[in-house]
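Shown next: data-v3.txt, containing compact mmCIF, C-alpha atoms.
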# COMPACT_ATOMS: atom_id res chain seq x y z
CA MET A 378 7.01 -12.78 36.76
CA GLN A 379 6.39 -15.39 39.47
CA ARG A 380 3.22 -13.60 40.61
CA LYS A 381 1.84 -13.63 37.06
CA GLU A 382 2.49 -17.38 36.79
CA ASP A 383 0.74 -17.97 40.13
CA LYS A 384 -2.28 -16.04 38.89
CA ASN A 385 -2.48 -18.14 35.74
CA GLN A 386 -2.33 -21.34 37.79
CA LEU A 387 -5.12 -20.09 40.03
CA MET A 388 -7.26 -19.50 36.97
CA LYS A 389 -6.71 -23.16 35.93
CA LEU A 390 -8.39 -24.36 39.10
CA ASP A 391 -11.69 -23.84 37.30
CA ASP A 392 -10.76 -26.98 35.38
CA ARG A 393 -11.89 -29.81 37.66
CA ARG A 394 -9.55 -32.25 36.04
CA PHE A 395 -6.53 -30.13 36.89
CA LEU A 396 -7.83 -29.68 40.44
CA TYR A 397 -8.00 -33.44 40.91
CA GLN A 398 -4.47 -33.77 39.54
CA LEU A 399 -3.27 -31.23 42.11
CA MET A 400 -5.01 -33.17 44.88
CA ILE A 401 -3.51 -36.48 43.72
CA ARG A 402 -0.04 -34.95 43.53
CA GLN A 403 -0.40 -33.44 47.00
CA LEU A 404 -1.38 -36.82 48.44
CA GLN A 405 1.72 -38.31 46.82
CA ASP A 406 3.92 -35.52 48.20
CA ASP A 407 2.50 -36.19 51.68
CA GLY A 408 3.27 -39.90 51.42
CA TYR A 409 -0.28 -41.15 50.84
CA THR A 410 0.51 -43.00 47.63
CA LYS A 411 -2.22 -45.61 48.02
CA VAL A 412 -4.87 -42.97 48.68
CA ALA A 413 -3.55 -41.04 45.68
CA ALA A 414 -3.91 -44.15 43.50
CA LEU A 415 -7.46 -44.74 44.73
CA MET A 416 -8.42 -41.11 43.98
CA SER A 417 -6.90 -41.36 40.50
CA GLN A 418 -8.94 -44.49 39.88
CA ALA A 419 -12.16 -43.04 41.28
CA THR A 420 -11.93 -39.80 39.30
CA MET A 421 -10.42 -41.44 36.21
CA VAL A 422 -7.75 -38.73 36.20
CA PRO A 423 -4.14 -39.88 35.72
CA ALA A 424 -1.50 -38.63 38.11
CA LEU A 425 0.92 -36.03 36.78
CA SER A 426 4.52 -37.04 36.18
CA ALA A 427 7.05 -36.00 38.81
CA ASP A 428 8.56 -33.26 36.64
CA ALA A 429 5.21 -31.88 35.41
CA LEU A 430 4.49 -29.93 38.62
CA GLU A 431 6.57 -28.53 41.43
CA PRO A 432 6.21 -30.38 44.78
CA ASN A 433 3.45 -29.26 47.18
CA ARG A 434 1.87 -27.03 44.53
CA LEU A 435 -1.66 -27.39 45.95
CA ALA A 436 -0.48 -26.62 49.48
CA THR A 437 1.26 -23.51 48.17
CA LEU A 438 -1.87 -22.33 46.38
CA VAL A 439 -4.07 -22.95 49.43
CA GLU A 440 -1.65 -21.03 51.64
CA TYR A 441 -1.61 -18.18 49.12
CA GLY A 442 -5.43 -18.01 49.09
CA MET A 443 -5.77 -18.19 52.88
CA ASN A 444 -3.26 -15.38 53.35
CA ALA A 445 -5.14 -13.26 50.81
CA GLU A 446 -8.40 -13.93 52.64
CA LYS A 447 -6.83 -12.98 55.98
CA ASP A 448 -5.55 -9.77 54.43
CA ARG A 449 -9.01 -8.89 53.11
CA LYS A 450 -10.57 -9.55 56.53
CA ALA A 451 -7.93 -7.43 58.24
CA THR A 452 -8.49 -4.50 55.88
CA GLY A 453 -12.24 -4.92 55.52
CA ARG A 454 -11.95 -5.57 51.79
CA MET A 455 -14.20 -8.61 51.41
CA ASP A 456 -16.19 -7.71 48.31
CA ASP A 457 -14.36 -8.92 45.22
CA HIS A 458 -17.38 -8.23 43.00
CA GLU A 459 -16.42 -4.69 42.08
CA PRO A 460 -18.20 -3.00 39.18
CA LYS A 461 -16.53 -3.64 35.84
CA LEU A 462 -14.97 -0.44 34.57
CA ALA A 463 -15.25 0.61 30.95
CA ASN A 464 -12.07 0.24 28.88
CA GLY A 465 -11.74 3.94 28.17
CA VAL A 466 -10.17 5.81 25.27
CA ASP A 467 -7.19 4.28 23.46
CA PHE A 468 -6.13 5.98 20.23
CA ASP A 469 -3.54 3.30 19.44
CA ALA A 470 -6.08 0.48 19.55
CA GLU A 471 -8.63 2.57 17.62
CA GLN A 472 -6.40 3.58 14.70
CA ASN A 473 -8.15 1.36 12.17
CA VAL A 474 -11.61 1.65 13.71
CA PRO A 475 -13.96 4.13 12.01
CA ASN A 476 -15.20 6.89 14.28
CA ILE A 477 -18.82 6.35 15.35
CA PHE A 478 -21.34 8.82 16.69
CA ARG A 479 -21.56 8.62 20.47
CA PRO A 480 -24.62 10.46 21.78
CA PHE A 481 -24.51 12.35 25.05
CA PHE A 482 -28.06 12.20 26.38
CA ALA A 483 -29.91 15.20 27.78
CA MET A 484 -29.32 15.53 31.53
CA THR A 485 -31.76 16.28 34.31
CA THR A 486 -31.32 16.98 38.02
CA ARG A 487 -32.57 14.07 40.14
CA PHE A 488 -31.50 15.46 43.53
CA PHE A 489 -29.69 18.40 45.10
CA THR A 490 -28.33 19.13 48.53
CA SER A 491 -27.58 22.58 49.95
CA HIS A 492 -24.57 23.77 51.92
CA LYS A 493 -24.39 27.12 53.71
CA ASN A 494 -21.75 28.58 51.41
CA SER A 495 -20.20 27.88 48.03
CA CYS A 496 -20.00 24.18 47.19
CA ARG A 497 -16.43 23.62 45.97
CA ILE A 498 -15.72 19.93 45.34
CA ALA A 499 -17.37 16.54 44.85
CA LYS A 500 -15.93 13.05 44.54
CA PHE A 501 -17.44 9.61 43.89
CA SER A 502 -16.23 6.47 45.63
CA ARG A 503 -14.40 3.99 43.43
CA ASP A 504 -17.40 1.66 43.23
CA GLY A 505 -19.71 4.57 42.36
CA LYS A 506 -22.05 3.84 45.28
CA LEU A 507 -21.27 6.99 47.28
CA VAL A 508 -20.43 10.61 46.57
CA ALA A 509 -19.16 13.35 48.87
CA SER A 510 -19.41 17.11 48.51
CA GLY A 511 -17.31 19.73 50.26
CA SER A 512 -18.04 23.39 50.86
CA ALA A 513 -16.59 26.74 51.83
CA ASP A 514 -18.83 26.47 54.91
CA THR A 515 -16.35 23.77 56.17
CA SER A 516 -18.89 20.94 55.81
CA ILE A 517 -18.63 17.61 54.00
CA LYS A 518 -21.77 15.72 53.04
CA LEU A 519 -21.90 12.04 52.11
CA LEU A 520 -24.68 10.76 49.88
CA GLU A 521 -25.85 7.37 48.61
CA VAL A 522 -26.03 7.30 44.82
CA GLU A 523 -28.78 4.68 44.59
CA LYS A 524 -31.06 6.77 46.82
CA MET A 525 -30.42 9.85 44.69
CA LYS A 526 -31.22 7.90 41.51
CA ASN A 527 -34.52 6.74 43.00
CA TYR A 528 -35.33 9.99 44.74
CA VAL A 529 -38.77 11.53 44.22
CA HIS A 530 -39.27 15.00 45.67
CA LYS A 531 -42.23 15.48 47.97
CA ALA A 532 -43.54 18.73 49.34
CA ASN A 533 -42.72 19.54 52.99
CA GLN A 534 -40.23 16.69 53.16
CA GLY A 535 -37.95 18.34 55.69
CA SER A 536 -34.21 17.96 56.06
CA ASP A 537 -32.13 16.16 53.44
CA VAL A 538 -30.80 13.88 56.19
CA ASP A 539 -34.24 12.49 57.07
CA GLU A 540 -34.61 8.71 56.94
CA GLY A 541 -34.75 7.48 53.38
CA ARG A 542 -33.04 10.55 51.98
CA PRO A 543 -29.66 10.36 50.24
CA VAL A 544 -27.49 12.33 52.72
CA PHE A 545 -26.39 9.94 55.45
CA ARG A 546 -23.45 11.77 57.10
CA THR A 547 -22.27 15.36 57.50
CA PHE A 548 -18.90 16.30 58.95
CA TYR A 549 -17.92 19.72 60.34
CA ASP A 550 -14.32 19.29 61.46
CA HIS A 551 -12.31 21.75 59.38
CA SER A 552 -12.15 25.42 60.32
CA GLN A 553 -11.93 26.74 56.74
CA GLN A 554 -12.99 25.89 53.17
CA ILE A 555 -12.85 22.29 51.93
CA ASN A 556 -10.58 22.04 48.86
CA ASP A 557 -10.53 18.34 47.98
CA ILE A 558 -11.84 14.97 49.18
CA ASP A 559 -11.21 11.32 48.36
CA PHE A 560 -12.54 7.91 49.34
CA HIS A 561 -10.28 5.11 50.54
CA PRO A 562 -10.06 2.35 47.88
CA TYR A 563 -11.73 -0.28 50.07
CA GLN A 564 -12.18 0.90 53.67
CA ASN A 565 -14.97 3.12 55.01
CA HIS A 566 -12.62 6.06 55.22
CA LEU A 567 -12.68 9.50 53.62
CA ILE A 568 -9.94 12.14 53.58
CA SER A 569 -10.37 15.86 53.10
CA CYS A 570 -8.01 18.81 52.83
CA SER A 571 -8.67 22.42 53.62
CA ARG A 572 -7.51 25.98 53.60
CA ASP A 573 -6.90 25.47 57.34
CA SER A 574 -3.65 23.60 56.42
CA THR A 575 -4.87 20.20 57.63
CA ILE A 576 -5.82 16.87 56.08
CA ARG A 577 -8.42 14.90 58.01
CA MET A 578 -9.54 11.28 57.84
CA TYR A 579 -13.03 10.10 58.77
CA ASP A 580 -14.71 6.73 59.31
CA TYR A 581 -18.06 7.44 57.69
CA ARG A 582 -19.73 4.23 58.91
CA SER A 583 -18.71 4.83 62.52
CA ALA A 584 -20.75 6.62 65.16
CA VAL A 585 -17.82 8.99 65.63
CA LYS A 586 -18.77 12.35 64.16
CA ARG A 587 -15.29 13.81 64.04
CA SER A 588 -12.11 12.95 62.16
CA ILE A 589 -10.17 9.92 63.37
CA LYS A 590 -6.79 11.20 62.13
CA VAL A 591 -5.33 14.64 61.41
CA PHE A 592 -2.30 15.37 59.22
CA SER A 593 -0.90 18.89 59.42
CA ASP A 594 0.81 20.94 56.72
CA SER A 595 2.39 24.38 56.81
CA ALA A 596 0.09 25.87 54.15
CA ASN A 597 -3.32 25.70 52.52
CA VAL A 598 -3.70 22.12 51.20
CA ARG A 599 -5.30 22.22 47.75
CA SER A 600 -5.40 18.62 46.55
CA ILE A 601 -5.18 15.06 47.86
CA GLN A 602 -5.68 11.51 46.62
CA PHE A 603 -5.24 8.01 48.02
CA HIS A 604 -2.79 5.63 46.40
CA PRO A 605 -4.72 2.64 44.92
CA THR A 606 -3.46 0.46 47.81
CA GLY A 607 -4.88 2.87 50.37
CA ASP A 608 -1.61 2.79 52.32
CA TYR A 609 -0.53 6.28 51.24
CA PHE A 610 -1.93 9.50 49.89
CA VAL A 611 -0.38 12.33 47.92
CA ALA A 612 -0.96 15.98 48.79
CA GLY A 613 -0.33 19.30 47.06
CA ALA A 614 -0.42 22.64 48.85
CA ASP A 615 0.29 26.36 48.43
CA HIS A 616 4.01 25.60 48.57
CA PRO A 617 5.76 23.90 45.61
CA VAL A 618 6.74 20.64 47.40
CA ILE A 619 4.50 17.58 46.97
CA ARG A 620 4.21 15.32 50.00
CA ILE A 621 3.43 11.61 50.26
CA TYR A 622 1.85 10.58 53.56
CA ASP A 623 1.97 7.13 55.16
CA VAL A 624 -1.59 6.59 56.42
CA ALA A 625 -0.59 4.29 59.30
CA SER A 626 2.33 6.29 60.69
CA GLY A 627 1.38 9.78 59.58
CA GLN A 628 4.93 10.28 58.29
CA ALA A 629 5.28 12.65 55.33
CA TYR A 630 7.84 12.20 52.57
CA ALA A 631 9.04 14.67 49.94
CA SER A 632 11.48 14.40 47.08
CA SER A 633 15.00 15.43 48.10
CA HIS A 634 15.72 16.58 44.55
CA SER A 635 14.83 20.26 44.85
CA GLY A 636 15.48 20.96 41.19
CA GLU A 637 12.56 18.71 40.23
CA HIS A 638 9.92 20.51 42.29
CA HIS A 639 7.38 22.95 40.93
CA THR A 640 8.20 26.60 41.54
CA GLU A 641 4.74 27.69 42.71
CA ALA A 642 1.65 26.27 44.44
CA ILE A 643 0.33 22.83 43.50
CA ASN A 644 -3.22 22.91 42.12
CA GLN A 645 -3.93 19.18 41.72
CA VAL A 646 -2.31 15.77 42.25
CA ARG A 647 -3.72 12.50 40.88
CA TYR A 648 -2.47 8.90 40.75
CA ALA A 649 -2.55 6.69 37.69
CA GLU A 650 -4.89 3.69 37.93
CA GLU A 651 -1.98 1.30 38.62
CA GLY A 652 -0.45 3.60 41.23
CA ASN A 653 3.03 3.47 39.71
CA THR A 654 2.98 7.16 38.78
CA TYR A 655 1.19 10.34 39.75
CA VAL A 656 0.69 13.66 37.99
CA SER A 657 0.78 17.18 39.37
CA CYS A 658 -0.03 20.61 37.98
CA SER A 659 0.81 24.04 39.28
CA LYS A 660 0.40 27.78 39.20
CA ASP A 661 3.81 27.80 37.53
CA GLY A 662 2.15 26.62 34.28
CA SER A 663 3.70 23.15 34.22
CA ILE A 664 2.51 19.55 34.51
CA LYS A 665 4.85 17.00 36.07
CA VAL A 666 4.75 13.21 36.09
CA TRP A 667 6.35 11.41 39.04
CA ASP A 668 7.50 7.88 39.78
CA SER A 669 5.54 7.03 42.92
CA ILE A 670 8.21 4.58 44.16
CA THR A 671 11.29 6.78 43.87
CA ASN A 672 9.34 10.07 44.10
CA ARG A 673 11.42 11.38 41.21
CA CYS A 674 10.01 13.55 38.43
CA VAL A 675 10.16 11.58 35.18
CA LYS A 676 8.57 14.08 32.77
CA THR A 677 7.70 17.78 32.72
CA PHE A 678 5.29 19.55 30.39
CA THR A 679 6.57 23.12 30.56
CA ASN A 680 4.12 25.92 29.66
CA ALA A 681 1.44 23.29 29.11
CA HIS A 682 -1.27 25.94 28.80
CA SER A 683 0.62 28.71 27.00
CA GLY A 684 2.25 29.82 30.25
CA CYS A 685 -1.06 30.14 32.11
CA GLU A 686 -1.84 28.45 35.41
CA VAL A 687 -2.77 24.77 35.06
CA SER A 688 -5.92 24.10 37.09
CA SER A 689 -6.22 20.31 36.86
CA ALA A 690 -4.48 17.20 35.55
CA GLN A 691 -5.48 13.55 35.63
CA PHE A 692 -4.58 10.28 33.90
CA SER A 693 -6.79 8.37 31.52
CA ARG A 694 -7.80 4.93 32.74
CA ASN A 695 -5.08 3.13 30.77
CA GLY A 696 -2.42 5.59 31.93
CA LYS A 697 -1.43 6.57 28.38
CA TYR A 698 -2.88 10.07 28.42
CA ILE A 699 -3.13 13.12 30.68
CA LEU A 700 -6.17 15.40 30.65
CA SER A 701 -5.47 18.97 31.77
CA SER A 702 -7.38 22.24 32.09
CA GLY A 703 -5.90 25.72 32.44
CA LYS A 704 -6.65 29.39 32.77
CA ASP A 705 -6.05 29.87 29.04
CA SER A 706 -9.64 28.59 28.60
CA THR A 707 -8.49 25.30 27.09
CA THR A 708 -8.69 21.66 28.06
CA ARG A 709 -6.00 19.46 26.52
CA LEU A 710 -5.23 15.77 26.10
CA TRP A 711 -1.56 14.76 26.16
CA ASP A 712 0.29 11.63 25.09
CA LEU A 713 2.34 10.64 28.14
CA GLN A 714 5.03 8.78 26.23
CA THR A 715 5.77 11.38 23.55
CA GLY A 716 4.69 14.51 25.43
CA ARG A 717 2.69 15.52 22.38
CA GLN A 718 -0.68 17.28 22.60
CA LEU A 719 -3.29 15.00 21.02
CA ARG A 720 -6.48 17.04 21.35
CA LEU A 721 -7.46 20.63 22.13
CA TYR A 722 -10.92 21.29 23.58
CA LEU A 723 -12.27 24.83 23.13
CA GLY A 724 -15.48 26.67 23.92
CA ALA A 725 -15.41 27.11 27.71
CA LEU A 726 -14.25 30.34 29.35
CA GLN A 727 -11.85 29.56 32.20
CA GLN A 728 -9.74 32.59 33.08
CA LYS A 729 -10.56 33.77 36.61
CA ASN A 730 -11.11 30.49 38.44
CA ARG A 731 -9.40 27.10 38.71
CA LEU A 732 -11.99 24.91 36.98
CA HIS A 733 -11.41 21.22 36.37
CA GLY A 734 -12.00 18.99 33.37
CA THR A 735 -12.94 15.35 33.85
CA PHE A 736 -13.64 12.20 31.83
CA SER A 737 -17.05 10.55 31.66
CA PHE A 738 -17.19 7.04 33.13
CA ASN A 739 -16.29 5.41 29.77
CA GLU A 740 -14.00 8.27 28.66
CA ASP A 741 -16.12 8.88 25.55
CA PHE A 742 -16.71 12.44 26.76
CA ILE A 743 -14.93 15.21 28.65
CA LEU A 744 -16.87 17.56 30.89
CA GLY A 745 -15.83 21.01 32.04
CA CYS A 746 -17.15 24.25 33.54
CA ASP A 747 -17.79 27.52 31.73
CA GLU A 748 -17.47 30.90 33.47
CA GLN A 749 -19.49 32.70 30.79
CA SER A 750 -22.64 30.56 30.76
CA GLN A 751 -22.14 29.30 34.33
CA GLY A 752 -23.00 25.84 33.02
CA ILE A 753 -21.36 22.55 32.10
CA VAL A 754 -19.89 21.83 28.67
CA VAL A 755 -19.35 18.40 27.10
CA TRP A 756 -16.80 17.50 24.41
CA ASP A 757 -16.42 14.34 22.39
CA THR A 758 -13.06 12.98 23.59
CA ARG A 759 -11.99 11.69 20.18
CA THR A 760 -13.16 14.50 17.88
CA ALA A 761 -12.72 17.38 20.38
CA GLU A 762 -16.11 18.72 19.23
CA LEU A 763 -18.21 20.61 21.79
CA ILE A 764 -21.44 18.61 21.58
CA TYR A 765 -23.60 19.58 24.55
CA LYS A 766 -24.21 22.15 27.29
CA PHE A 767 -26.46 21.92 30.31
CA GLN A 768 -27.40 24.33 33.08
CA GLY A 769 -29.45 24.35 36.26
CA HIS A 770 -27.40 26.16 38.86
CA GLY A 771 -27.74 29.79 39.87
CA GLY A 772 -24.06 30.69 39.88
CA LEU A 773 -20.59 29.62 38.78
CA VAL A 774 -20.16 25.85 38.63
CA ARG A 775 -16.90 25.10 40.42
CA CYS A 776 -16.65 21.37 39.88
CA VAL A 777 -18.17 18.51 37.91
CA ALA A 778 -17.52 15.00 39.27
CA SER A 779 -18.14 11.92 37.14
CA SER A 780 -19.16 8.50 38.44
CA PRO A 781 -16.57 5.86 37.53
CA VAL A 782 -19.22 3.27 36.63
CA GLU A 783 -22.22 4.97 35.00
CA PRO A 784 -23.29 8.21 33.22
CA VAL A 785 -24.24 10.22 36.32
CA TYR A 786 -22.58 13.38 37.64
CA MET A 787 -22.41 15.68 40.64
CA THR A 788 -21.85 19.41 40.11
CA CYS A 789 -20.84 21.96 42.75
CA CYS A 790 -21.73 25.64 42.55
CA ASP A 791 -21.42 29.04 44.16
CA ASP A 792 -25.21 28.89 44.67
CA PHE A 793 -24.36 26.64 47.69
CA ARG A 794 -25.78 23.54 46.00
CA ALA A 795 -24.48 20.19 44.83
CA ARG A 796 -26.67 18.77 42.05
CA PHE A 797 -26.91 15.12 41.03
CA TRP A 798 -27.50 14.69 37.30
CA VAL A 799 -28.77 11.66 35.38
CA PRO A 800 -29.79 11.20 31.73
CA GLU A 801 -33.48 11.77 31.13
CA ASN A 802 -35.56 8.61 31.74
CA TYR A 803 -32.55 7.02 33.46
CA SER A 804 -33.25 4.34 36.03

Go ahead and render the structure in this file as structure tokens.
Amino acid sequence: MQRKEDKNQLMKLDDRRFLYQLMIRQLQDDGYTKVAALMSQATMVPALSADALEPNRLATLVEYGMNAEKDRKATGRMDDHEPKLANGVDFDAEQNVPNIFRPFFAMTTRFFTSHKNSCRIAKFSRDGKLVASGSADTSIKLLEVEKMKNYVHKANQGSDVDEGRPVFRTFYDHSQQINDIDFHPYQNHLISCSRDSTIRMYDYRSAVKRSIKVFSDSANVRSIQFHPTGDYFVAGADHPVIRIYDVASGQAYASSHSGEHHTEAINQVRYAEEGNTYVSCSKDGSIKVWDSITNRCVKTFTNAHSGCEVSSAQFSRNGKYILSSGKDSTTRLWDLQTGRQLRLYLGALQQKNRLHGTFSFNEDFILGCDEQSQGIVVWDTRTAELIYKFQGHGGLVRCVASSPVEPVYMTCCDDFRARFWVPENYS
């Protein structure tokens, strides 16, 4: 509660009058009563009464701000002008709002990069400025989104890492297929996990071409994600026990309550936006929600996909809903509080492969992969209607990643390519 009150007071500093009152009161607290009186006279702002404000309030606020600035400098997080995220879907707030038509514009490939084997995963950074792709050839490529958006293909252009081209780093540090990747919330770090049973961390702005940290597991690591603070990450592997890793120490933690674990391999783990909970899904057909502080399971969706393997699970932006996909060829939206299924999305064949569903940047749409057409399908989140399909790859699309800030996507395919998609005439 105290932190919320401090935040409100900081917002009041925009009011010059209140700022002057804080300064006058601080001068009084420091014993400079005459100077305080002169300032009150010069600014024509009356001093606050003794009981109107706690002593040394301005000094406290200044100390708070300086400590926050030191923390940002120490962590490298100096840019407070992060892109504003869309509000996302909220059925409770939209109950009395008539449903409107939300068009999904025709998509076109603006850029593609090629790996030497199946491209398995892609992930955007939280500010949407970067995207990374990972492959069965053990490579990870990092690309700049703005350069892809402005890219114009020219004949005989050479390698996709030439100057001015979108790919700016490539890492080859795993010995087997890349399964998942994630960007640190505010540092120039990337983590990846692999079939080689390791998790590796890279500094992608450093001259070092290899990982700067390695975390070892006993099995194929399928899924990872940073906590929103960046101090921890969660990992799911071929065994049923989820692990939380401390980034600084490398220490791994697991729930001691064995009865709460999954019974088979973990397919995906994802944090809620606030970081207070995370969700997991498994080959055992269940989805579990965990308290990230106590590491206790707080809810289980048993047989979430009619007993079939659950391929993916993620929270909506407001944390009220869970989006899941499974090998029963369905994508489903769940109410976290009640455990009730809210929407069922049909029309994409997903039986042989673990294919993920994902929200668009504003959560108006859900995108998934289709084994039959080997393309991408798009549903309206609210109506569950399949409204659009697009293709361009020459094989099974394994993954579709959505930018968190704009309607652009990266798809990964067995044709070795990662394609960057934008709406037609998008700039």

Closest contacts (region 560-619 of chain A/region 495-509 of chain A, max 8 Å, all atoms listed in the file) as CSV:
residue,atom,partner,partner_atom,distance
A:Phe560,CA,A:Ser502,CA,5.4
A:His561,CA,A:Ser502,CA,7.8
A:Pro562,CA,A:Arg503,CA,6.4

May I have the residues within 7 Å of region 607-620 of chain A as a PDB file with C-alpha atoms, in the frame of the given file, using all atoms listed in the file and disregarding those fewer than 3 positions away in the same chain?
ATOM      1  CA  HIS A 561     -10.280   5.110  50.540  1.00  0.00           C
ATOM      2  CA  PRO A 562     -10.060   2.350  47.880  1.00  0.00           C
ATOM      3  CA  ALA A 596       0.090  25.870  54.150  1.00  0.00           C
ATOM      4  CA  ASN A 597      -3.320  25.700  52.520  1.00  0.00           C
ATOM      5  CA  VAL A 598      -3.700  22.120  51.200  1.00  0.00           C
ATOM      6  CA  ARG A 599      -5.300  22.220  47.750  1.00  0.00           C
ATOM      7  CA  SER A 600      -5.400  18.620  46.550  1.00  0.00           C
ATOM      8  CA  ILE A 601      -5.180  15.060  47.860  1.00  0.00           C
ATOM      9  CA  GLN A 602      -5.680  11.510  46.620  1.00  0.00           C
ATOM     10  CA  PHE A 603      -5.240   8.010  48.020  1.00  0.00           C
ATOM     11  CA  HIS A 604      -2.790   5.630  46.400  1.00  0.00           C
ATOM     12  CA  ASP A 623       1.970   7.130  55.160  1.00  0.00           C
ATOM     13  CA  VAL A 624      -1.590   6.590  56.420  1.00  0.00           C
ATOM     14  CA  ALA A 629       5.280  12.650  55.330  1.00  0.00           C
ATOM     15  CA  TYR A 630       7.840  12.200  52.570  1.00  0.00           C
ATOM     16  CA  ALA A 631       9.040  14.670  49.940  1.00  0.00           C
ATOM     17  CA  HIS A 638       9.920  20.510  42.290  1.00  0.00           C
ATOM     18  CA  HIS A 639       7.380  22.950  40.930  1.00  0.00           C
ATOM     19  CA  THR A 640       8.200  26.600  41.540  1.00  0.00           C
ATOM     20  CA  GLU A 641       4.740  27.690  42.710  1.00  0.00           C
ATOM     21  CA  ALA A 642       1.650  26.270  44.440  1.00  0.00           C
ATOM     22  CA  ILE A 643       0.330  22.830  43.500  1.00  0.00           C
ATOM     23  CA  ASN A 644      -3.220  22.910  42.120  1.00  0.00           C
ATOM     24  CA  GLN A 645      -3.930  19.180  41.720  1.00  0.00           C
ATOM     25  CA  VAL A 646      -2.310  15.770  42.250  1.00  0.00           C
TER      26      VAL A 646
END

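Only residues having an atom at most 7 Å from (-28.7, 17.0, 38.9) are included; using only C-alpha atoms, these are Thr485, Thr486, Arg487, Phe488, Phe489, Met787, Arg796, Phe797, Trp798 and Val799 of chain A.
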
Inset, instruction - Write out as a ChimeraX atom specification the residues lying within 7 Å of Asp406 (chain A), counting only C-alpha atoms and excluding same-chain residues fewer than 2 positions away. - result: /A:402-404,408,432-433

Legend entry - All residues 8 Å or closer to region 774-779 of chain A, only C-alpha atoms, same chain fewer than 4 positions away omitted, as JSON, numbers by chain: {"A": [496, 497, 498, 499, 500, 501, 731, 732, 733, 734, 735, 736, 737, 738, 744, 745, 746, 747, 748, 751, 752, 753, 770, 784, 785, 786, 787, 788, 789, 790, 791]}

Could you save the residues just selected, with C-alpha atoms, as a PDB file, keeping the file's coordinate frame?
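Resulting contents of again02.pdb:
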ATOM      1  CA  CYS A 496     -20.000  24.180  47.190  1.00  0.00           C
ATOM      2  CA  ARG A 497     -16.430  23.620  45.970  1.00  0.00           C
ATOM      3  CA  ILE A 498     -15.720  19.930  45.340  1.00  0.00           C
ATOM      4  CA  ALA A 499     -17.370  16.540  44.850  1.00  0.00           C
ATOM      5  CA  LYS A 500     -15.930  13.050  44.540  1.00  0.00           C
ATOM      6  CA  PHE A 501     -17.440   9.610  43.890  1.00  0.00           C
ATOM      7  CA  ARG A 731      -9.400  27.100  38.710  1.00  0.00           C
ATOM      8  CA  LEU A 732     -11.990  24.910  36.980  1.00  0.00           C
ATOM      9  CA  HIS A 733     -11.410  21.220  36.370  1.00  0.00           C
ATOM     10  CA  GLY A 734     -12.000  18.990  33.370  1.00  0.00           C
ATOM     11  CA  THR A 735     -12.940  15.350  33.850  1.00  0.00           C
ATOM     12  CA  PHE A 736     -13.640  12.200  31.830  1.00  0.00           C
ATOM     13  CA  SER A 737     -17.050  10.550  31.660  1.00  0.00           C
ATOM     14  CA  PHE A 738     -17.190   7.040  33.130  1.00  0.00           C
ATOM     15  CA  LEU A 744     -16.870  17.560  30.890  1.00  0.00           C
ATOM     16  CA  GLY A 745     -15.830  21.010  32.040  1.00  0.00           C
ATOM     17  CA  CYS A 746     -17.150  24.250  33.540  1.00  0.00           C
ATOM     18  CA  ASP A 747     -17.790  27.520  31.730  1.00  0.00           C
ATOM     19  CA  GLU A 748     -17.470  30.900  33.470  1.00  0.00           C
ATOM     20  CA  GLN A 751     -22.140  29.300  34.330  1.00  0.00           C
ATOM     21  CA  GLY A 752     -23.000  25.840  33.020  1.00  0.00           C
ATOM     22  CA  ILE A 753     -21.360  22.550  32.100  1.00  0.00           C
ATOM     23  CA  HIS A 770     -27.400  26.160  38.860  1.00  0.00           C
ATOM     24  CA  PRO A 784     -23.290   8.210  33.220  1.00  0.00           C
ATOM     25  CA  VAL A 785     -24.240  10.220  36.320  1.00  0.00           C
ATOM     26  CA  TYR A 786     -22.580  13.380  37.640  1.00  0.00           C
ATOM     27  CA  MET A 787     -22.410  15.680  40.640  1.00  0.00           C
ATOM     28  CA  THR A 788     -21.850  19.410  40.110  1.00  0.00           C
ATOM     29  CA  CYS A 789     -20.840  21.960  42.750  1.00  0.00           C
ATOM     30  CA  CYS A 790     -21.730  25.640  42.550  1.00  0.00           C
ATOM     31  CA  ASP A 791     -21.420  29.040  44.160  1.00  0.00           C
TER      32      ASP A 791
END

Inset, instruction - For each of A:Ile558, A:Val544, A:Val666, A:Leu721, take the minimum atom-to-atom distance to Lys697 (chain A), counting only C-alpha atoms, then give the residue where this is smallest. - result: A:Val666

Legend entry - d(CA of Gly465 (chain A), CA of Asn739 (chain A)) in Å: 5.0 Å

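Residues within 9 Å of Met400 (chain A), counting only C-alpha atoms and excluding same-chain residues fewer than 4 positions away, are Phe395, Leu396, Leu404, Gln405, Ala413, Met416 and Leu435 of chain A.
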